[in-house]
Amino acid sequence: MSSPVSLGIDLGTSELKAILMDAGGTVLAHAGVHLSVSRRHCGWSEQAPQDWWQACLQALDQLRGHEAYSRVVCIGLSGQMHGAVLLGEDDRVLYPAILWDDSRAVAEAEQLGAGFADVTGSLPMAGLTAPKLLWLQRHEPEVFQAIDCVLSPKDYLRLRLSGERISEMSDAAGTLWLDVARREWFTPMVHATGLAPRQLPRLVEGRAAAGVVRVAGLGLPPGVVIAGGGGDNPVAAVGIGAIKGGDGFITLGTSAAIVAITERAAGNPGSAVHSFCHALPNRWYTMGAMLAGASCLRWVTRLTGMRDEQALLDQVQTQLPLGQPVPLDAPLFLPYLAGERTPHNDPLLRGGFMSLGHDCTPAMLGYAVLEGVGFGLLDALQAVQSAGASVGACALVGGGARSEYWAQLLANILQREIFTLHGSELSACIGAAKLGFLAIGQGEDLLQAGMPVKARYRPDAMQYAVLAQRYRKFQGLLAAAKALHG
């Protein structure tokens, strides 16, 4: 009998990725399709759910030529969190999906207040799903009245594949409508946003079977099971093997986060720390989230006119080698290009350079950005620890993990061992594929398996004193940055 294959699909903000993975955990093929974001107004961030479906079809079309495609028995889904997909009674999309980095609902988040934060695991923030519905009620009342169901982004793909309106605990936690400890919809918060529980999808655990492929024309065998899946960070955790209390990792993609796995719901909402459900039962995670991560490096690369990010990183390495302390008066960078979550909870906060001079070079700007993101992660780390989570050595995943320079700089700033992993750029796809196998009663051994370590980066004690002084200067700039929109 031919060996089974799981299809793992990860719906990111900038790309939809898909893999074919066998029961031994080997990735047999992968595909990717670029996605664009619409920013119709300042602070808005939207995508058309139909574009996600078309990207999914294109990715599957790329994979169909591989012989393993005919052996697919299950599908796992992962995706960007906090997006609001608004459906009418006929499953028609009523409005563009409002994404995680959209800041239009600032006033509505403030209106919701902190009263339920200990239950929902997070303070209301403009980027979370619930405040967006209040904004729609106020500004798009006809759309709001027509809503029959609100889905998270990856669950829209499930709907198109299976016809089922189903979500799971990790994405549900990111909506602010979930009682994260009880892992069930929290009716008072649902009502606070003008909705009723009947307008939310049925919930399952991430490893549970949650639908069967019913759409024709995909070339898949009949009866392919779809797992519950999960949000991108918890599914990436499954992919790299971060499944036990005390495991931790840093994700450095478009956004950035420090994630610590816990065995109970344990947050500190007052410091804008999230406590969300893991994609596995009886597991949670505490997260300090930044709204801009490796996207800051892409931005400064364009700003300086460099050919690509690696060309800028090469100049940084040449002009500011990590073996030497950075000059104390070198430029500083606040990484708040899209506002900030942990610990500031301020979507209107904006980034900036300070201490520029006539002698400033592209490399100095590049270094300041790498360091500024690192200092932002140090803020997030301290907030996560204030919630009682333990954070030791951290895996580094996401596009930023490709830079050895950045990995070492993060080790120096965070005073933690940082290690990178082979294959981590596909960690969310791999985690999704693992959940697919679990949904058909296979893959328990895969769940325990992590990824091979690529490199380890230990803190350089010689750099600590200067970095600590620069971090204090970085912290001192926050009041001025807040005053600009006060």
# chains A, B, ... in the order shown; residues from 1 in each chain; ligands from 1
call {"tool": "closest_atom_pairs", "arguments": {"of": "region 37-130 of chain A", "to": "region 143-160 of chain A", "cutoff": "6 Å", "atoms": "only C-alpha atoms", "output": "Markdown table"}}
result
| residue | atom | partner | partner_atom | distance |
| --- | --- | --- | --- | --- |
| A:Gly79 | CA | A:Lys154 | CA | 5.0 |
| A:Gly83 | CA | A:Ser152 | CA | 5.6 |
| A:Ala84 | CA | A:Ser152 | CA | 5.9 |
| A:Val85 | CA | A:Leu151 | CA | 5.0 |
| A:Leu86 | CA | A:Val150 | CA | 4.9 |
| A:Leu87 | CA | A:Cys149 | CA | 5.2 |
| A:Gly88 | CA | A:Asp148 | CA | 4.9 |
| A:Glu89 | CA | A:Asp148 | CA | 5.3 |
call {"tool": "write_last_selection", "arguments": {"atoms": "C-alpha atoms", "output": "mmCIF file, in the first residue's frame"}}
result
data_model
loop_
_atom_site.group_PDB
_atom_site.id
_atom_site.type_symbol
_atom_site.label_atom_id
_atom_site.label_comp_id
_atom_site.auth_asym_id
_atom_site.auth_seq_id
_atom_site.Cartn_x
_atom_site.Cartn_y
_atom_site.Cartn_z
ATOM 1 C CA GLY A 79 -3.089 31.132 8.717
ATOM 2 C CA GLY A 83 -8.630 38.815 10.382
ATOM 3 C CA ALA A 84 -12.393 39.347 10.028
ATOM 4 C CA VAL A 85 -14.028 37.475 7.114
ATOM 5 C CA LEU A 86 -17.676 38.547 6.920
ATOM 6 C CA LEU A 87 -20.159 36.174 5.320
ATOM 7 C CA GLY A 88 -23.828 36.493 4.412
ATOM 8 C CA GLU A 89 -26.392 33.694 4.660
#
call {"tool": "residues_around", "arguments": {"residues": "Gly376 (chain A)", "least_positions_apart": "2", "cutoff": "10 Å", "atoms": "only C-alpha atoms", "output": "PyMOL selection string"}}
result
chain A and resi 256-257+288-290+292-293+333-336+340+342-343+371-374+378-381+471+474-475
call {"tool": "residues_around", "arguments": {"residues": "region 198-214 of chain A", "least_positions_apart": "5", "cutoff": "7 Å", "atoms": "only C-alpha atoms", "output": "PDB file with C-alpha atoms, in the first residue's frame"}}
result
ATOM      1  CA  ASP A 148     -24.476  35.644   9.144  1.00  0.00           C
ATOM      2  CA  CYS A 149     -21.019  34.382  10.177  1.00  0.00           C
ATOM      3  CA  VAL A 150     -17.559  35.756  11.003  1.00  0.00           C
ATOM      4  CA  LEU A 151     -14.615  33.507  10.107  1.00  0.00           C
ATOM      5  CA  LEU A 161     -12.859  23.214   0.473  1.00  0.00           C
ATOM      6  CA  SER A 162     -15.584  21.566   2.553  1.00  0.00           C
ATOM      7  CA  GLU A 164     -18.244  23.804   6.604  1.00  0.00           C
ATOM      8  CA  ARG A 165     -18.151  26.851   8.899  1.00  0.00           C
ATOM      9  CA  ILE A 166     -15.691  25.575  11.508  1.00  0.00           C
ATOM     10  CA  SER A 167     -12.858  27.172  13.468  1.00  0.00           C
ATOM     11  CA  GLU A 168     -10.576  25.931  16.235  1.00  0.00           C
ATOM     12  CA  MET A 169      -9.266  27.122  19.569  1.00  0.00           C
ATOM     13  CA  GLY A 223     -12.715  11.626   1.385  1.00  0.00           C
ATOM     14  CA  VAL A 224      -9.677  13.782   2.204  1.00  0.00           C
ATOM     15  CA  VAL A 225     -10.035  14.880   5.859  1.00  0.00           C
ATOM     16  CA  ILE A 226      -9.360  18.497   6.901  1.00  0.00           C
ATOM     17  CA  ALA A 227      -7.898  19.052  10.380  1.00  0.00           C
ATOM     18  CA  GLY A 228      -8.951  21.910  12.619  1.00  0.00           C
ATOM     19  CA  GLY A 229      -5.520  23.488  12.095  1.00  0.00           C
ATOM     20  CA  GLY A 230      -4.598  26.738  13.809  1.00  0.00           C
ATOM     21  CA  ALA A 279      -3.255  24.401  18.455  1.00  0.00           C
ATOM     22  CA  LEU A 280      -3.059  21.318  20.703  1.00  0.00           C
ATOM     23  CA  PRO A 281      -5.507  20.430  23.516  1.00  0.00           C
ATOM     24  CA  LEU A 435      -2.166  18.299  12.443  1.00  0.00           C
ATOM     25  CA  LEU A 438      -3.339  13.674  13.738  1.00  0.00           C
ATOM     26  CA  ALA A 439      -6.868  14.262  12.429  1.00  0.00           C
TER      27      ALA A 439
END
call {"tool": "select_by_dssp", "arguments": {"residues": "region 70-186 of chain A", "states": "helix (DSSP H, G or I)", "output": "ChimeraX atom specification"}}
result
/A:70-71,106-112,117-120,129-139,141-146,153-162,169-173
call {"tool": "write_last_selection", "arguments": {"atoms": "N, CA and C atoms", "output": "CSV table (one decimal), in the first residue's frame"}}
result
chain,number,residue,atom,x,y,z
A,70,SER,N,-1.3,12.5,-5.5
A,70,SER,CA,-2.4,11.5,-5.5
A,70,SER,C,-2.5,10.6,-4.3
A,71,ARG,N,-1.6,10.8,-3.3
A,71,ARG,CA,-1.6,10.0,-2.1
A,71,ARG,C,-2.0,10.9,-0.9
A,106,VAL,N,-9.4,51.7,16.6
A,106,VAL,CA,-8.7,52.1,17.9
A,106,VAL,C,-9.8,52.6,18.9
A,107,ALA,N,-10.7,53.4,18.5
A,107,ALA,CA,-11.7,53.9,19.4
A,107,ALA,C,-12.6,52.8,19.9
A,108,GLU,N,-12.9,51.8,19.1
A,108,GLU,CA,-13.8,50.7,19.4
A,108,GLU,C,-13.1,49.8,20.4
A,109,ALA,N,-11.8,49.6,20.3
A,109,ALA,CA,-11.0,48.8,21.3
A,109,ALA,C,-11.0,49.5,22.6
A,110,GLU,N,-10.9,50.8,22.6
A,110,GLU,CA,-11.0,51.5,23.9
A,110,GLU,C,-12.4,51.4,24.5
A,111,GLN,N,-13.4,51.4,23.7
A,111,GLN,CA,-14.8,51.3,24.1
A,111,GLN,C,-15.0,50.0,24.8
A,112,LEU,N,-14.4,48.9,24.3
A,112,LEU,CA,-14.6,47.6,24.9
A,112,LEU,C,-14.0,47.5,26.3
A,117,ALA,N,-10.6,41.1,30.1
A,117,ALA,CA,-9.3,40.7,29.6
A,117,ALA,C,-8.8,39.5,30.3
A,118,ASP,N,-9.1,39.2,31.5
A,118,ASP,CA,-8.6,38.0,32.2
A,118,ASP,C,-9.2,36.8,31.6
A,119,VAL,N,-10.4,36.9,31.1
A,119,VAL,CA,-11.1,35.8,30.5
A,119,VAL,C,-10.7,35.6,29.0
A,120,THR,N,-10.6,36.7,28.3
A,120,THR,CA,-10.3,36.6,26.8
A,120,THR,C,-8.8,36.5,26.6
A,129,THR,N,-9.9,40.8,16.4
A,129,THR,CA,-11.1,40.7,15.5
A,129,THR,C,-12.3,41.5,16.1
A,130,ALA,N,-12.6,41.3,17.4
A,130,ALA,CA,-13.8,41.8,18.0
A,130,ALA,C,-14.0,43.4,17.8
A,131,PRO,N,-13.0,44.2,18.0
A,131,PRO,CA,-13.2,45.6,17.8
A,131,PRO,C,-13.6,46.0,16.4
A,132,LYS,N,-13.1,45.2,15.4
A,132,LYS,CA,-13.4,45.5,14.0
A,132,LYS,C,-14.9,45.4,13.8
A,133,LEU,N,-15.6,44.5,14.5
A,133,LEU,CA,-17.0,44.3,14.3
A,133,LEU,C,-17.8,45.5,14.9
A,134,LEU,N,-17.3,46.1,16.0
A,134,LEU,CA,-17.9,47.3,16.5
A,134,LEU,C,-17.7,48.4,15.5
A,135,TRP,N,-16.5,48.5,14.9
A,135,TRP,CA,-16.3,49.5,13.9
A,135,TRP,C,-17.3,49.4,12.7
A,136,LEU,N,-17.5,48.1,12.3
A,136,LEU,CA,-18.4,47.9,11.2
A,136,LEU,C,-19.8,48.3,11.6
A,137,GLN,N,-20.2,48.0,12.8
A,137,GLN,CA,-21.6,48.3,13.2
A,137,GLN,C,-21.8,49.8,13.2
A,138,ARG,N,-20.7,50.6,13.5
A,138,ARG,CA,-20.8,52.0,13.5
A,138,ARG,C,-20.7,52.6,12.1
A,139,HIS,N,-19.8,52.1,11.3
A,139,HIS,CA,-19.5,52.8,10.0
A,139,HIS,C,-20.0,52.1,8.8
A,141,PRO,N,-23.2,50.0,8.7
A,141,PRO,CA,-24.3,49.3,9.4
A,141,PRO,C,-25.0,48.3,8.4
A,142,GLU,N,-25.1,48.6,7.1
A,142,GLU,CA,-25.8,47.7,6.2
A,142,GLU,C,-25.0,46.4,6.1
A,143,VAL,N,-23.7,46.5,6.0
A,143,VAL,CA,-22.8,45.3,6.0
A,143,VAL,C,-23.0,44.5,7.3
A,144,PHE,N,-23.0,45.2,8.4
A,144,PHE,CA,-23.1,44.6,9.7
A,144,PHE,C,-24.4,43.8,9.9
A,145,GLN,N,-25.5,44.4,9.4
A,145,GLN,CA,-26.8,43.8,9.6
A,145,GLN,C,-26.9,42.5,8.7
A,146,ALA,N,-26.1,42.4,7.6
A,146,ALA,CA,-26.2,41.3,6.7
A,146,ALA,C,-25.3,40.1,7.2
A,153,PRO,N,-9.2,34.0,8.7
A,153,PRO,CA,-8.8,33.8,7.3
A,153,PRO,C,-8.7,32.3,6.9
A,154,LYS,N,-7.9,31.5,7.6
A,154,LYS,CA,-7.7,30.1,7.2
A,154,LYS,C,-9.0,29.3,7.1
A,155,ASP,N,-9.9,29.7,8.0
A,155,ASP,CA,-11.2,29.0,8.0
A,155,ASP,C,-12.1,29.3,6.8
A,156,TYR,N,-11.8,30.4,6.1
A,156,TYR,CA,-12.4,30.7,4.8
A,156,TYR,C,-12.0,29.6,3.8
A,157,LEU,N,-10.7,29.3,3.8
A,157,LEU,CA,-10.2,28.2,2.9
A,157,LEU,C,-10.9,26.9,3.2
A,158,ARG,N,-11.2,26.6,4.5
A,158,ARG,CA,-11.9,25.4,4.9
A,158,ARG,C,-13.3,25.4,4.3
A,159,LEU,N,-13.9,26.6,4.4
A,159,LEU,CA,-15.3,26.7,3.9
A,159,LEU,C,-15.3,26.4,2.4
A,160,ARG,N,-14.4,26.9,1.7
A,160,ARG,CA,-14.3,26.7,0.2
A,160,ARG,C,-14.0,25.3,-0.1
A,161,LEU,N,-13.2,24.6,0.7
A,161,LEU,CA,-12.9,23.2,0.5
A,161,LEU,C,-14.0,22.2,0.9
A,162,SER,N,-14.7,22.6,2.0
A,162,SER,CA,-15.6,21.6,2.6
A,162,SER,C,-17.0,22.0,2.7
A,169,MET,N,-9.5,26.3,18.4
A,169,MET,CA,-9.3,27.1,19.6
A,169,MET,C,-8.2,28.2,19.4
A,170,SER,N,-7.1,28.0,18.7
A,170,SER,CA,-6.1,28.9,18.6
A,170,SER,C,-6.5,30.2,17.8
A,171,ASP,N,-7.1,30.0,16.7
A,171,ASP,CA,-7.6,31.2,16.0
A,171,ASP,C,-8.8,31.9,16.7
A,172,ALA,N,-9.6,31.1,17.3
A,172,ALA,CA,-10.7,31.6,18.1
A,172,ALA,C,-10.2,32.5,19.3
A,173,ALA,N,-9.1,32.1,19.9
A,173,ALA,CA,-8.5,32.9,21.0
A,173,ALA,C,-8.1,34.3,20.5
call {"tool": "atom_distance", "arguments": {"atom1": "CA of Gly388 (chain A)", "atom2": "CA of Ala266 (chain A)"}}
result
7.2 Å
call {"tool": "residues_around", "arguments": {"residues": "Ala330 (chain A)", "least_positions_apart": "3", "cutoff": "8 Å", "atoms": "only C-alpha atoms", "output": "VMD selection string"}}
result
chain A and resid 326 to 327 355 to 356 364 368
call {"tool": "residues_around", "arguments": {"residues": "region 401-417 of chain A", "least_positions_apart": "2", "cutoff": "10 Å", "atoms": "only C-alpha atoms", "output": "PyMOL selection string"}}
result
chain A and resi 250-253+294+309-310+313-314+316-317+321-322+367+370-371+373-375+377-379+381-382+391-399+419-421+424-425+455-464+467-468+471
call {"tool": "residues_around", "arguments": {"residues": "region 428-433 of chain A", "least_positions_apart": "2", "cutoff": "7 Å", "atoms": "only C-alpha atoms", "output": "PyMOL selection string"}}
result
chain A and resi 6-10+17-19+21+75-78+229+232+235-236+238-239+426+435-437
call {"tool": "write_last_selection", "arguments": {"atoms": "C-alpha atoms", "output": "PDB file, in the first residue's frame"}}
result
ATOM      1  CA  SER A   6      -0.533  15.218   4.241  1.00  0.00           C
ATOM      2  CA  LEU A   7      -1.118  18.552   2.520  1.00  0.00           C
ATOM      3  CA  GLY A   8      -0.137  21.494   4.726  1.00  0.00           C
ATOM      4  CA  ILE A   9      -1.429  24.937   3.721  1.00  0.00           C
ATOM      5  CA  ASP A  10      -0.306  28.180   5.388  1.00  0.00           C
ATOM      6  CA  LYS A  17       2.476  28.333   1.005  1.00  0.00           C
ATOM      7  CA  ALA A  18       1.632  24.649   0.634  1.00  0.00           C
ATOM      8  CA  ILE A  19       3.624  21.443   1.107  1.00  0.00           C
ATOM      9  CA  MET A  21       4.680  15.796   3.568  1.00  0.00           C
ATOM     10  CA  ILE A  75      -5.118  18.519   4.938  1.00  0.00           C
ATOM     11  CA  GLY A  76      -3.962  20.830   7.719  1.00  0.00           C
ATOM     12  CA  LEU A  77      -4.573  24.576   7.679  1.00  0.00           C
ATOM     13  CA  SER A  78      -2.582  27.431   9.188  1.00  0.00           C
ATOM     14  CA  GLY A 229      -5.520  23.488  12.095  1.00  0.00           C
ATOM     15  CA  ASP A 232       0.223  30.768  12.231  1.00  0.00           C
ATOM     16  CA  VAL A 235       0.959  25.917  14.162  1.00  0.00           C
ATOM     17  CA  ALA A 236       4.573  26.965  13.594  1.00  0.00           C
ATOM     18  CA  VAL A 238       3.762  22.409  16.290  1.00  0.00           C
ATOM     19  CA  GLY A 239       6.048  22.413  13.258  1.00  0.00           C
ATOM     20  CA  LEU A 426       8.138  26.097   6.252  1.00  0.00           C
ATOM     21  CA  LEU A 435      -2.166  18.299  12.443  1.00  0.00           C
ATOM     22  CA  GLY A 436      -3.590  16.764   9.273  1.00  0.00           C
ATOM     23  CA  PHE A 437      -2.094  13.393  10.150  1.00  0.00           C
TER      24      PHE A 437
END
call {"tool": "closest_residue", "arguments": {"among": "A:Ala481, A:Val215, A:Ala363, A:Leu297", "to": "Gly339 (chain A)", "atoms": "only C-alpha atoms"}}
result
A:Ala481
call {"tool": "residues_around", "arguments": {"residues": "region 30-42 of chain A", "least_positions_apart": "2", "cutoff": "10 Å", "atoms": "only C-alpha atoms", "output": "JSON, numbers by chain"}}
result
{"A": [7, 8, 9, 10, 11, 12, 13, 14, 15, 16, 17, 18, 19, 20, 21, 27, 28, 44, 45, 46, 47, 48, 51, 52, 54, 55, 56, 57, 58, 59, 60, 61, 62, 63, 66, 96, 98, 99, 102, 103, 104, 426, 429]}
call {"tool": "write_last_selection", "arguments": {"atoms": "C-alpha atoms", "output": "compact mmCIF listing (two decimals), in the first residue's frame"}}
result
# COMPACT_ATOMS: atom_id res chain seq x y z
CA LEU A 7 -1.12 18.55 2.52
CA GLY A 8 -0.14 21.49 4.73
CA ILE A 9 -1.43 24.94 3.72
CA ASP A 10 -0.31 28.18 5.39
CA LEU A 11 -2.18 31.37 4.49
CA GLY A 12 0.25 34.18 5.28
CA THR A 13 -0.21 37.90 4.73
CA SER A 14 2.27 38.15 1.87
CA GLU A 15 2.27 34.55 0.60
CA LEU A 16 0.22 31.37 0.64
CA LYS A 17 2.48 28.33 1.01
CA ALA A 18 1.63 24.65 0.63
CA ILE A 19 3.62 21.44 1.11
CA LEU A 20 3.26 17.72 0.59
CA MET A 21 4.68 15.80 3.57
CA VAL A 27 8.69 17.47 2.79
CA LEU A 28 8.27 16.07 -0.71
CA TRP A 44 -6.29 50.23 6.87
CA SER A 45 -5.11 46.76 5.83
CA GLU A 46 -7.36 44.50 3.77
CA GLN A 47 -7.34 41.48 1.47
CA ALA A 48 -10.04 39.88 -0.64
CA ASP A 51 -7.81 36.07 -3.66
CA TRP A 52 -6.81 33.62 -0.92
CA GLN A 54 -7.38 31.64 -5.99
CA ALA A 55 -3.89 31.52 -4.46
CA CYS A 56 -4.79 28.18 -2.86
CA LEU A 57 -5.91 26.80 -6.22
CA GLN A 58 -2.69 28.03 -7.87
CA ALA A 59 -0.55 26.42 -5.15
CA LEU A 60 -2.40 23.11 -5.49
CA ASP A 61 -1.96 23.33 -9.24
CA GLN A 62 1.81 23.68 -8.70
CA LEU A 63 1.78 20.54 -6.54
CA HIS A 66 4.16 15.60 -8.10
CA PRO A 96 -12.92 42.91 2.30
CA ILE A 98 -9.90 43.37 7.71
CA LEU A 99 -6.41 42.15 8.67
CA ASP A 102 -5.41 47.24 10.52
CA SER A 103 -5.74 50.09 13.06
CA ARG A 104 -9.12 51.62 12.15
CA LEU A 426 8.14 26.10 6.25
CA CYS A 429 3.14 24.39 6.71
call {"tool": "decode", "arguments": {"residues": "region 172-185 of chain A", "atoms": "N, CA and C atoms", "output": "mmCIF file, in the first residue's frame"}}
result
data_model
loop_
_atom_site.group_PDB
_atom_site.id
_atom_site.type_symbol
_atom_site.label_atom_id
_atom_site.label_comp_id
_atom_site.auth_asym_id
_atom_site.auth_seq_id
_atom_site.Cartn_x
_atom_site.Cartn_y
_atom_site.Cartn_z
ATOM 1 N N ALA A 172 -9.623 31.068 17.337
ATOM 2 C CA ALA A 172 -10.730 31.645 18.106
ATOM 3 C C ALA A 172 -10.202 32.512 19.251
ATOM 4 N N ALA A 173 -9.105 32.094 19.870
ATOM 5 C CA ALA A 173 -8.520 32.884 20.957
ATOM 6 C C ALA A 173 -8.087 34.260 20.466
ATOM 7 N N GLY A 174 -7.643 34.329 19.226
ATOM 8 C CA GLY A 174 -7.186 35.604 18.674
ATOM 9 C C GLY A 174 -8.290 36.556 18.290
ATOM 10 N N THR A 175 -9.550 36.136 18.423
ATOM 11 C CA THR A 175 -10.669 37.022 18.095
ATOM 12 C C THR A 175 -11.064 37.922 19.252
ATOM 13 N N LEU A 176 -10.741 37.544 20.491
ATOM 14 C CA LEU A 176 -11.172 38.197 21.722
ATOM 15 C C LEU A 176 -12.573 37.752 22.141
ATOM 16 N N TRP A 177 -13.150 36.788 21.450
ATOM 17 C CA TRP A 177 -14.477 36.282 21.794
ATOM 18 C C TRP A 177 -14.409 34.960 22.554
ATOM 19 N N LEU A 178 -13.211 34.468 22.841
ATOM 20 C CA LEU A 178 -13.070 33.151 23.454
ATOM 21 C C LEU A 178 -12.724 33.254 24.931
ATOM 22 N N ASP A 179 -13.320 32.394 25.738
ATOM 23 C CA ASP A 179 -12.846 32.156 27.097
ATOM 24 C C ASP A 179 -11.664 31.198 26.947
ATOM 25 N N VAL A 180 -10.440 31.741 27.061
ATOM 26 C CA VAL A 180 -9.269 30.951 26.681
ATOM 27 C C VAL A 180 -9.007 29.803 27.651
ATOM 28 N N ALA A 181 -9.385 29.942 28.904
ATOM 29 C CA ALA A 181 -9.173 28.850 29.855
ATOM 30 C C ALA A 181 -10.174 27.718 29.611
ATOM 31 N N ARG A 182 -11.440 28.069 29.361
ATOM 32 C CA ARG A 182 -12.483 27.058 29.137
ATOM 33 C C ARG A 182 -12.532 26.568 27.687
ATOM 34 N N ARG A 183 -11.900 27.318 26.768
ATOM 35 C CA ARG A 183 -11.851 26.976 25.350
ATOM 36 C C ARG A 183 -13.277 26.868 24.775
ATOM 37 N N GLU A 184 -14.045 27.932 24.996
ATOM 38 C CA GLU A 184 -15.391 28.014 24.441
ATOM 39 C C GLU A 184 -15.725 29.496 24.226
ATOM 40 N N TRP A 185 -16.669 29.762 23.315
ATOM 41 C CA TRP A 185 -17.056 31.150 23.065
ATOM 42 C C TRP A 185 -17.554 31.800 24.360
#
